[in-house]
file start25.txt (compact mmCIF, C-alpha atoms)
# COMPACT_ATOMS: atom_id res chain seq x y z
CA MET A 167 53.50 19.44 -20.02
CA ALA A 168 52.57 16.68 -17.56
CA SER A 169 48.98 16.55 -16.39
CA PRO A 170 48.32 17.25 -12.70
CA LEU A 171 47.50 14.38 -10.41
CA PRO A 172 43.84 14.07 -9.34
CA ARG A 173 42.88 15.51 -6.00
CA LEU A 174 42.80 13.27 -2.95
CA ARG A 175 39.19 13.11 -1.79
CA PRO A 176 38.71 15.54 1.13
CA ASP A 177 36.03 13.36 2.76
CA LEU A 178 38.32 10.43 3.62
CA ASP A 179 39.22 9.32 7.12
CA ILE A 180 42.99 9.68 7.53
CA MET A 181 44.59 8.79 10.86
CA PRO A 182 47.75 7.23 12.30
CA SER A 183 47.91 3.52 11.65
CA PRO A 184 46.73 1.48 14.65
CA VAL A 185 48.83 -1.49 13.51
CA ALA A 186 52.23 -1.45 15.22
CA GLU A 187 53.77 -3.66 12.53
CA GLN A 188 52.52 -1.31 9.79
CA PRO A 189 53.26 2.28 10.77
CA GLY A 190 52.09 5.18 8.62
CA LEU A 191 48.69 6.66 7.80
CA LEU A 192 45.50 4.63 7.64
CA VAL A 193 43.11 5.82 4.91
CA ARG A 194 39.51 4.65 4.59
CA ASP A 195 36.22 5.82 3.11
CA PRO A 196 33.54 6.70 5.72
CA PHE A 197 30.92 6.87 2.94
CA HIS A 198 31.60 3.25 1.95
CA TYR A 199 31.75 4.16 -1.72
CA SER A 200 34.87 2.02 -1.46
CA GLU A 201 35.40 -0.78 1.04
CA ALA A 202 39.19 -0.53 0.72
CA THR A 203 41.48 0.42 3.59
CA LEU A 204 45.04 1.50 2.87
CA ILE A 205 48.00 2.01 5.17
CA ILE A 206 50.41 4.46 3.55
CA PRO A 207 53.98 3.85 4.86
CA PRO A 208 55.79 6.83 6.40
CA GLY A 209 58.13 7.09 3.40
CA LEU A 210 55.18 7.63 1.05
CA ALA A 211 52.79 9.52 3.32
CA ARG A 212 54.43 12.89 2.62
CA GLY A 213 53.53 12.40 -1.03
CA LEU A 214 49.80 12.63 -0.29
CA GLY A 215 50.16 16.41 -0.34
CA CYS A 216 50.91 16.23 -4.07
CA PHE A 217 47.38 15.01 -4.80
CA ASP A 218 45.93 18.53 -4.86
CA GLY A 219 44.93 18.88 -8.50
CA GLU A 220 47.97 21.05 -9.23
CA ASN A 221 51.09 18.93 -8.69
CA THR A 222 52.17 16.36 -11.27
CA GLU A 223 53.70 12.91 -10.92
CA LEU A 224 57.08 14.57 -11.46
CA ASP A 225 56.44 16.71 -8.39
CA LEU A 226 55.46 13.58 -6.49
CA ARG A 227 58.71 11.90 -7.47
CA ALA A 228 60.70 14.89 -6.29
CA VAL A 229 59.01 14.79 -2.89
CA LEU A 230 59.54 11.05 -2.54
CA ALA A 231 63.18 11.31 -3.64
CA ARG A 232 63.87 13.77 -0.84
CA ARG A 233 61.89 11.71 1.67
CA LEU A 234 63.39 8.34 0.72
CA GLY A 235 66.89 9.62 0.04
CA ARG A 236 67.26 8.05 -3.40
CA VAL A 237 66.96 9.09 -7.02
CA ASP A 238 64.93 6.31 -8.62
CA VAL A 239 61.47 6.61 -7.08
CA SER A 240 59.37 6.04 -10.20
CA GLU A 241 58.14 2.65 -8.96
CA PRO A 242 56.94 3.76 -5.48
CA ALA A 243 55.41 6.90 -7.01
CA ARG A 244 53.48 4.89 -9.58
CA HIS A 245 52.46 2.36 -6.92
CA LEU A 246 51.03 5.14 -4.72
CA VAL A 247 49.06 6.65 -7.61
CA THR A 248 47.69 3.24 -8.63
CA ALA A 249 46.76 2.21 -5.09
CA LEU A 250 44.84 5.44 -4.42
CA HIS A 251 43.06 5.22 -7.78
CA ASP A 252 42.11 1.56 -7.41
CA ALA A 253 40.79 2.20 -3.90
CA GLY A 254 38.55 5.00 -5.14
CA PHE A 255 40.34 7.55 -2.98
CA LEU A 256 41.05 10.06 -5.77
CA ASP A 257 38.53 12.49 -7.22
CA ASP A 258 38.60 10.87 -10.64
CA GLU A 259 36.47 8.73 -12.93
CA LYS A 260 36.91 5.63 -10.75
CA PHE A 261 35.47 7.44 -7.75
CA ALA A 262 32.64 8.96 -9.79
CA GLU A 263 31.65 5.48 -10.93
CA LEU A 264 31.71 4.06 -7.39
CA ARG A 265 29.68 6.98 -6.03
CA GLU A 266 27.05 6.70 -8.75
CA GLN A 267 26.67 2.97 -8.12
CA ARG A 268 26.16 3.45 -4.38
CA HIS A 269 23.74 6.35 -4.74
CA THR A 270 21.69 4.46 -7.31
CA ALA A 271 21.58 1.35 -5.12
CA PHE A 272 20.45 3.33 -2.07
CA ALA A 273 17.76 5.18 -4.00
CA ALA A 274 16.38 1.89 -5.34
CA ALA A 275 16.49 -0.03 -2.05
CA PRO A 276 13.11 -0.60 -0.32
CA THR A 277 14.65 -0.21 3.14
CA ARG A 278 17.64 1.40 4.77
CA THR A 279 19.62 -1.72 5.58
CA PRO A 280 21.74 -1.88 8.75
CA ALA A 281 25.25 -0.54 8.30
CA HIS A 282 26.60 -1.36 11.76
CA ALA A 283 25.02 -4.70 12.69
CA GLY A 284 27.79 -7.12 13.55
CA SER A 285 30.22 -4.34 14.40
CA GLY A 286 28.38 -1.81 16.59
CA TYR A 287 25.94 -4.38 17.98
CA PRO A 288 25.00 -8.09 17.51
CA ASP A 289 23.60 -8.98 14.11
CA GLU A 290 21.09 -11.59 15.31
CA PRO A 291 17.86 -10.69 17.14
CA ALA A 292 18.23 -12.93 20.20
CA PRO A 293 21.80 -11.89 21.10
CA LEU A 294 20.89 -8.26 20.35
CA ALA A 295 17.90 -8.41 22.72
CA THR A 296 20.03 -10.02 25.41
CA THR A 297 22.72 -7.38 25.01
CA LEU A 298 20.31 -4.44 25.19
CA THR A 299 18.46 -5.94 28.15
CA GLU A 300 21.78 -6.24 29.97
CA TYR A 301 22.69 -2.65 29.06
CA LEU A 302 19.38 -1.30 30.36
CA SER A 303 19.67 -3.28 33.58
CA ARG A 304 22.60 -1.13 34.65
CA THR A 305 21.66 1.45 37.27
CA PRO A 306 21.98 5.05 36.04
CA THR A 307 23.85 7.49 38.25
CA LYS A 308 20.82 9.76 38.66
CA ARG A 309 17.14 8.93 38.47
CA PRO A 310 14.69 11.26 36.74
CA PRO A 311 12.53 13.33 39.10
CA ALA A 312 8.97 12.40 39.90
CA LYS A 313 6.67 13.19 36.99
CA LYS A 314 5.74 16.88 36.88
CA ARG A 315 5.54 17.52 33.15
CA PRO A 316 5.38 14.88 30.42
CA LEU A 317 8.58 13.52 28.95
CA VAL A 318 8.99 15.01 25.47
CA GLY A 319 12.46 13.82 24.53
CA ILE A 320 15.75 12.25 25.49
CA ALA A 321 19.32 12.83 24.42
CA ALA A 322 21.49 9.71 24.17
CA PRO A 323 24.99 9.14 22.76
CA HIS A 324 25.71 7.95 19.27
CA VAL A 325 29.12 6.56 20.15
CA SER A 326 29.45 2.78 19.91
CA PRO A 327 26.92 1.36 22.41
CA GLU A 328 29.61 -0.75 24.07
CA GLY A 329 31.62 2.40 24.79
CA GLY A 330 28.68 4.46 26.03
CA VAL A 331 26.70 1.84 27.96
CA ALA A 332 26.05 3.92 31.09
CA SER A 333 24.74 6.90 29.14
CA TYR A 334 22.59 4.82 26.80
CA ALA A 335 21.20 3.00 29.84
CA ALA A 336 20.37 6.24 31.64
CA ALA A 337 18.61 7.76 28.60
CA TYR A 338 16.60 4.71 27.59
CA ARG A 339 15.73 3.72 31.14
CA ALA A 340 14.10 7.15 31.45
CA LEU A 341 12.11 6.38 28.30
CA SER A 342 11.31 2.88 29.52
CA GLY A 343 10.12 4.29 32.84
CA ALA A 344 7.82 6.71 31.03
CA ARG A 345 6.41 3.84 29.01
CA GLU A 346 5.76 1.84 32.17
CA ASP A 347 3.98 4.87 33.63
CA ARG A 348 1.75 4.91 30.52
CA ASP A 349 3.07 8.41 29.88
CA ASP A 350 0.78 9.85 27.17
CA GLY A 351 0.77 6.76 24.96
CA LEU A 352 4.44 6.84 24.01
CA ALA A 353 4.18 3.76 21.84
CA GLU A 354 1.66 5.55 19.61
CA ARG A 355 3.89 8.55 18.93
CA THR A 356 6.25 9.16 16.07
CA PHE A 357 9.82 9.21 17.36
CA VAL A 358 11.64 12.11 15.70
CA ILE A 359 15.29 11.03 15.75
CA LEU A 360 17.60 14.00 15.36
CA GLY A 361 21.02 12.57 14.56
CA THR A 362 24.34 14.22 13.90
CA SER A 363 25.11 14.20 10.18
CA HIS A 364 28.82 13.44 10.17
CA TYR A 365 29.03 13.41 6.38
CA GLY A 366 26.15 15.50 5.06
CA ALA A 367 25.74 18.98 3.68
CA PRO A 368 26.10 21.76 6.25
CA ASP A 369 23.16 23.94 7.32
CA ARG A 370 20.69 21.38 5.97
CA LEU A 371 18.51 18.46 7.04
CA GLY A 372 18.99 15.00 5.55
CA LEU A 373 15.76 13.03 5.19
CA THR A 374 14.69 9.61 3.99
CA ARG A 375 11.33 7.91 3.48
CA LYS A 376 12.93 4.47 3.78
CA PRO A 377 12.01 2.25 6.73
CA PHE A 378 15.05 1.30 8.83
CA GLU A 379 15.89 -2.39 8.90
CA THR A 380 17.76 -3.97 11.82
CA PRO A 381 18.08 -7.53 13.16
CA PHE A 382 14.81 -6.88 15.05
CA GLY A 383 12.87 -6.15 11.85
CA VAL A 384 11.69 -3.14 9.86
CA THR A 385 10.45 0.14 11.34
CA GLN A 386 7.67 2.35 10.03
CA THR A 387 9.05 5.64 8.72
CA ASP A 388 6.37 8.34 8.87
CA ALA A 389 6.35 9.37 5.20
CA ARG A 390 3.64 11.97 5.82
CA LEU A 391 5.93 13.86 8.18
CA VAL A 392 8.94 13.41 5.91
CA ASP A 393 6.97 15.00 3.08
CA ALA A 394 5.75 17.85 5.30
CA LEU A 395 9.24 18.61 6.55
CA ALA A 396 10.66 18.47 3.04
CA ARG A 397 7.93 20.78 1.75
CA ASP A 398 8.45 23.37 4.48
CA ALA A 399 12.25 23.27 4.34
CA GLY A 400 12.54 23.41 0.55
CA ASP A 401 16.18 23.34 -0.51
CA ALA A 402 17.22 23.27 3.15
CA ALA A 403 16.38 19.55 3.16
CA LEU A 404 17.70 16.73 1.00
CA VAL A 405 15.32 13.79 0.62
CA GLU A 406 16.84 10.32 0.27
CA ASP A 407 20.12 11.70 1.49
CA TYR A 408 22.69 8.96 0.86
CA CYS A 409 24.33 9.84 4.18
CA HIS A 410 21.56 7.84 5.86
CA ALA A 411 23.04 4.70 4.30
CA VAL A 412 26.23 4.91 6.36
CA GLU A 413 25.37 7.13 9.34
CA HIS A 414 25.34 5.55 12.81
CA SER A 415 23.83 8.38 14.86
CA ILE A 416 20.27 7.32 13.98
CA GLU A 417 20.79 3.58 13.55
CA PHE A 418 21.93 3.08 17.15
CA GLN A 419 18.82 4.88 18.45
CA VAL A 420 16.57 2.75 16.25
CA VAL A 421 17.71 -0.54 17.79
CA PHE A 422 17.07 0.76 21.32
CA LEU A 423 13.61 2.05 20.32
CA GLN A 424 12.74 -1.26 18.66
CA HIS A 425 13.88 -3.10 21.78
CA LEU A 426 11.47 -1.04 23.90
CA PHE A 427 8.52 -0.58 21.52
CA GLY A 428 8.78 -3.37 18.97
CA PRO A 429 10.25 -3.60 15.47
CA ARG A 430 7.42 -1.60 13.85
CA VAL A 431 8.07 1.52 15.90
CA ARG A 432 7.20 4.66 13.92
CA ILE A 433 10.08 7.07 13.30
CA LEU A 434 11.00 10.28 11.52
CA PRO A 435 14.77 10.05 10.88
CA VAL A 436 16.41 13.48 10.49
CA LEU A 437 20.12 14.09 10.01
CA CYS A 438 21.20 17.55 11.15
CA GLY A 439 24.08 18.96 9.13
CA ALA A 440 26.62 21.05 11.00
CA PHE A 441 25.84 24.74 11.19
CA VAL A 442 28.72 26.45 9.41
CA GLU A 443 28.03 29.72 7.61
CA GLY A 444 26.39 31.63 10.43
CA PRO A 445 28.90 30.57 13.10
CA ALA A 446 31.84 31.20 10.75
CA ALA A 447 30.71 34.83 10.65
CA GLY A 448 30.38 34.98 14.43
CA LYS A 449 26.57 34.85 14.23
CA PRO A 450 23.92 32.32 15.31
CA PRO A 451 23.12 29.45 12.93
CA GLU A 452 19.91 31.01 11.63
CA ALA A 453 21.83 34.00 10.30
CA ASN A 454 22.30 31.72 7.30
CA ASP A 455 19.08 31.63 5.23
CA THR A 456 19.32 27.90 4.54
CA ALA A 457 19.84 26.99 8.20
CA ALA A 458 16.97 29.32 9.13
CA ARG A 459 14.61 27.47 6.76
CA ALA A 460 15.66 24.12 8.20
CA LEU A 461 15.09 25.29 11.78
CA ASP A 462 11.77 26.96 10.94
CA ALA A 463 10.50 23.82 9.20
CA LEU A 464 11.34 21.65 12.18
CA ALA A 465 9.73 24.13 14.58
CA SER A 466 6.57 24.29 12.45
CA LEU A 467 6.35 20.50 12.41
CA ALA A 468 6.73 20.32 16.19
CA ALA A 469 4.04 22.99 16.70
CA ARG A 470 1.54 21.29 14.35
CA GLU A 471 2.03 17.76 15.64
CA GLY A 472 2.37 18.58 19.35
CA ASP A 473 2.29 15.56 21.63
CA ARG A 474 2.03 13.16 18.69
CA LEU A 475 5.82 13.46 18.52
CA PHE A 476 8.60 12.33 20.84
CA PHE A 477 12.15 13.53 20.21
CA VAL A 478 15.26 11.36 20.46
CA LEU A 479 18.64 13.04 19.99
CA GLY A 480 21.60 10.89 18.90
CA VAL A 481 24.44 13.15 20.02
CA ASP A 482 28.01 13.08 21.27
CA MET A 483 29.78 16.03 22.81
CA ALA A 484 33.50 16.93 22.91
CA HIS A 485 36.17 15.32 20.74
CA VAL A 486 39.73 15.80 21.99
CA GLY A 487 43.06 14.19 21.09
CA ARG A 488 45.14 13.06 18.18
CA ARG A 489 42.36 11.36 16.22
CA TYR A 490 40.64 14.75 16.09
CA GLY A 491 43.61 16.83 14.99
CA ASP A 492 45.01 17.83 18.38
CA ALA A 493 48.76 17.65 18.94
CA ALA A 494 48.65 16.06 22.39
CA ALA A 495 47.29 12.71 23.46
CA ALA A 496 44.15 12.82 25.62
CA ARG A 497 43.12 10.67 28.57
CA ALA A 498 39.58 10.61 29.93
CA ASP A 499 39.12 12.57 33.16
CA GLU A 500 42.80 13.48 33.31
CA GLY A 501 44.80 16.64 32.59
CA GLU A 502 43.03 19.01 30.22
CA LEU A 503 40.02 16.69 30.12
CA VAL A 504 39.11 17.85 33.63
CA GLU A 505 38.61 21.35 32.23
CA VAL A 506 36.78 19.89 29.22
CA ALA A 507 34.33 18.22 31.62
CA ALA A 508 33.70 21.54 33.38
CA ARG A 509 33.08 23.27 30.06
CA ASP A 510 30.83 20.43 28.88
CA ARG A 511 28.77 20.77 32.03
CA GLY A 512 28.44 24.51 31.47
CA ARG A 513 26.96 23.86 28.04
CA ILE A 514 24.72 21.13 29.45
CA ALA A 515 23.43 23.57 32.08
CA SER A 516 22.23 25.85 29.27
CA LEU A 517 20.53 22.88 27.60
CA GLU A 518 18.84 21.94 30.87
CA ALA A 519 17.53 25.50 31.13
CA GLY A 520 16.27 25.51 27.54
CA ASP A 521 18.66 28.36 26.71
CA ALA A 522 19.56 27.73 23.07
CA GLU A 523 21.26 31.10 22.64
CA GLY A 524 23.35 30.67 25.81
CA PHE A 525 24.34 27.18 24.68
CA TRP A 526 25.44 28.45 21.28
CA GLU A 527 27.42 31.31 22.79
CA GLN A 528 29.42 28.75 24.76
CA VAL A 529 29.90 26.60 21.65
CA ARG A 530 31.56 29.46 19.77
CA GLU A 531 33.23 31.41 22.61
CA ARG A 532 36.74 30.01 22.03
CA GLY A 533 36.56 29.36 18.31
CA THR A 534 39.51 30.24 16.10
CA PRO A 535 40.04 30.21 12.31
CA GLU A 536 42.53 27.37 12.76
CA ARG A 537 40.40 25.15 14.99
CA GLY A 538 36.94 26.10 13.78
CA TYR A 539 34.19 27.85 15.63
CA ASP A 540 34.02 25.15 18.35
CA ASP A 541 37.36 24.19 19.87
CA LEU A 542 35.74 21.26 21.74
CA LYS A 543 34.28 19.91 18.49
CA TRP A 544 30.84 19.02 19.86
CA CYS A 545 29.47 17.03 16.93
CA GLY A 546 26.03 17.06 18.57
CA SER A 547 25.69 20.82 18.71
CA ALA A 548 23.44 21.04 15.61
CA PRO A 549 20.84 18.47 16.80
CA PHE A 550 20.82 20.02 20.28
CA TYR A 551 20.29 23.52 18.90
CA ALA A 552 17.66 22.35 16.41
CA PHE A 553 15.71 20.55 19.13
CA HIS A 554 15.67 23.56 21.44
CA LYS A 555 14.53 25.83 18.62
CA ALA A 556 11.79 23.34 17.71
CA VAL A 557 10.63 22.70 21.29
CA PRO A 558 11.50 25.90 23.18
CA ALA A 559 9.45 24.92 26.24
CA ALA A 560 11.57 21.80 26.86
CA ARG A 561 13.62 21.70 30.02
CA GLY A 562 16.20 19.02 30.61
CA GLN A 563 17.83 17.05 33.39
CA LEU A 564 21.29 15.56 33.05
CA LEU A 565 21.06 11.89 33.99
CA HIS A 566 24.65 10.90 33.30
CA TYR A 567 27.89 12.32 31.90
CA GLU A 568 31.07 10.50 30.97
CA GLN A 569 34.26 10.58 28.92
CA TRP A 570 35.61 7.61 26.98
CA ASN A 571 38.98 6.92 25.37
CA ILE A 572 37.97 5.86 21.89
CA ASP A 573 41.67 5.03 21.41
CA ASP A 574 44.80 5.51 23.50
CA ALA A 575 45.19 9.16 22.50
CA SER A 576 41.64 10.41 21.86
CA VAL A 577 38.59 11.07 24.02
CA VAL A 578 34.88 11.53 23.30
CA SER A 579 32.46 12.88 25.89
CA PHE A 580 28.73 12.24 25.95
CA GLY A 581 25.82 11.84 28.32
CA ALA A 582 22.10 11.33 28.81
CA ILE A 583 19.47 14.05 29.22
CA ALA A 584 15.75 13.68 29.87
CA TYR A 585 13.56 16.50 28.51
CA ARG A 586 10.15 17.49 29.82
CA GLY A 587 7.92 20.18 28.42
call {"tool": "encode", "arguments": {"input": "start25.txt", "output": "structure tokens"}}
result
Amino acid sequence: MASPLPRLRPDLDIMPSPVAEQPGLLVRDPFHYSEATLIIPPGLARGLGCFDGENTELDLRAVLARRLGRVDVSEPARHLVTALHDAGFLDDEKFAELREQRHTAFAAAPTRTPAHAGSGYPDEPAPLATTLTEYLSRTPTKRPPAKKRPLVGIAAPHVSPEGGVASYAAAYRALSGAREDRDDGLAERTFVILGTSHYGAPDRLGLTRKPFETPFGVTQTDARLVDALARDAGDAALVEDYCHAVEHSIEFQVVFLQHLFGPRVRILPVLCGAFVEGPAAGKPPEANDTAARALDALASLAAREGDRLFFVLGVDMAHVGRRYGDAAAARADEGELVEVAARDRGRIASLEAGDAEGFWEQVRERGTPERGYDDLKWCGSAPFYAFHKAVPAARGQLLHYEQWNIDDASVVSFGAIAYRG
């Protein structure tokens, strides 16, 4: 009996090819275990379903024969198997070797090296400083109110800075203004960066003791606070989480903070895994014991450290369109995206009011088994919820909101919020 084909890795990015001359499915590895990118032609794309750990190469040939309309498909079938294996896209010994190499290299590295310099932002310090200065010179749509309570945090996007310039500018101009006002010695605080963990374990925190390196230099990562958070969270936190090596939601915040406060700015980088088990049962995140330990540990840290901390949230909001599994193309501020904006603003209103429970009720109100508990796919919902549970006195003000076509058929929404408490 023929052996089954290995499973296709479930953590790959698979999307329609953006290359008109090469139609099909683009497949790439967001974890960067492999640097390969494949475009699977339409005639072979249907065969990807055979890589489920149960079908054999004979089953693959049968599918391709029907799809290609010919009998002899042994060569394209073998080519597809070989290409996926060589790229490290199958859950087999090749992938295991690549993963082990990357994890070992990250664990041994003295710093968390930049993953997005040269693509998400300039990779040389002078052009990077010029770019960020230009970004922050743009006038935000709404100015923060006169100081009544101290600024305790900001929420900024984690989308590519070029795509979210207005929101980044609004968030970091609020922080820059607080610095200029000598607001409680901001430069002396530890900046707790709560980033969306796009790739990490659900219901958990991802931590690292490694300083973050960017073209500006190397940060200080507050190892004392990393250790305290890890101790309190127990198995609800993963220290030296490899996801930090590839995640952008924290890296983009780091370069803005370094621009304002210098390369040696002190940070506590925390990746917030999506809350899954509690919401899947129609309950709040902390109904899951692991998520509850993560939230309690963060709240305990915030209570102990008080105004020695400043929170920065790296968060996007809704994800709508074909890139995100929706059947119809999406255009920013048009059609159904007008309703999406209204629903986004309803959630933001709960965040402004410090109403974590009301926010979460809106996140899950239209969830379905097919589309998940959040039909708008707010990838920043976990960091937002975690922050409000950690700093329940915080009240926010929306400084800017926008939608952006990340491609011709897909939209991401995001904004800037200033928090006082």
call {"tool": "residues_around", "arguments": {"input": "start25.txt", "residues": "Gln267 (chain A)", "least_positions_apart": "6", "cutoff": "12 Å", "atoms": "only C-alpha atoms", "output": "number ranges by chain"}}
result
A: 198-200, 260-261, 273-274, 408
call {"tool": "residues_around", "arguments": {"input": "start25.txt", "residues": "region 372-389 of chain A", "least_positions_apart": "6", "cutoff": "9 Å", "atoms": "all atoms listed in the file", "output": "PyMOL selection string"}}
result
chain A and resi 275-281+283+288-292+294-295+356+363+366+395-396+402-410+417+420-421+424-425+428-439
call {"tool": "closest_atom_pairs", "arguments": {"input": "start25.txt", "of": "region 417-468 of chain A", "to": "region 321-345 of chain A", "cutoff": "10 Å", "atoms": "all atoms listed in the file", "output": "tab-separated table"}}
result
residue	atom	partner	partner_atom	distance
A:Glu417	CA	A:His324	CA	8.7
A:Phe418	CA	A:His324	CA	6.5
A:Gln419	CA	A:His324	CA	7.6
A:Phe422	CA	A:Tyr338	CA	7.4
A:Leu423	CA	A:Tyr338	CA	8.3
A:Leu426	CA	A:Ser342	CA	6.9
A:Phe427	CA	A:Arg345	CA	8.9
call {"tool": "write_last_selection", "arguments": {"input": "start25.txt", "atoms": "C-alpha atoms", "output": "PDB file, keeping the file's coordinate frame"}}
result
ATOM      1  CA  GLU A 417      20.790   3.580  13.550  1.00  0.00           C
ATOM      2  CA  PHE A 418      21.930   3.080  17.150  1.00  0.00           C
ATOM      3  CA  GLN A 419      18.820   4.880  18.450  1.00  0.00           C
ATOM      4  CA  PHE A 422      17.070   0.760  21.320  1.00  0.00           C
ATOM      5  CA  LEU A 423      13.610   2.050  20.320  1.00  0.00           C
ATOM      6  CA  LEU A 426      11.470  -1.040  23.900  1.00  0.00           C
ATOM      7  CA  PHE A 427       8.520  -0.580  21.520  1.00  0.00           C
TER       8      PHE A 427
END
call {"tool": "residues_around", "arguments": {"input": "start25.txt", "residues": "region 508-520 of chain A", "least_positions_apart": "6", "cutoff": "8 Å", "atoms": "only C-alpha atoms", "output": "count of residues only"}}
result
14
call {"tool": "atom_distance", "arguments": {"input": "start25.txt", "atom1": "CA of Ile320 (chain A)", "atom2": "CA of Gly286 (chain A)"}}
result
20.9 Å
call {"tool": "atom_distance", "arguments": {"input": "start25.txt", "atom1": "CA of Val506 (chain A)", "atom2": "CA of Ala493 (chain A)"}}
result
15.9 Å
call {"tool": "residues_around", "arguments": {"input": "start25.txt", "residues": "Ala496 (chain A)", "least_positions_apart": "2", "cutoff": "12 Å", "atoms": "only C-alpha atoms", "output": "PyMOL selection string"}}
result
chain A and resi 484-494+498-504+506+569-579
call {"tool": "residues_around", "arguments": {"input": "start25.txt", "residues": "Leu210 (chain A)", "least_positions_apart": "6", "cutoff": "9 Å", "atoms": "all atoms listed in the file", "output": "MDAnalysis selection string"}}
result
chainID A and resid 190 230 233:234 242:243 246
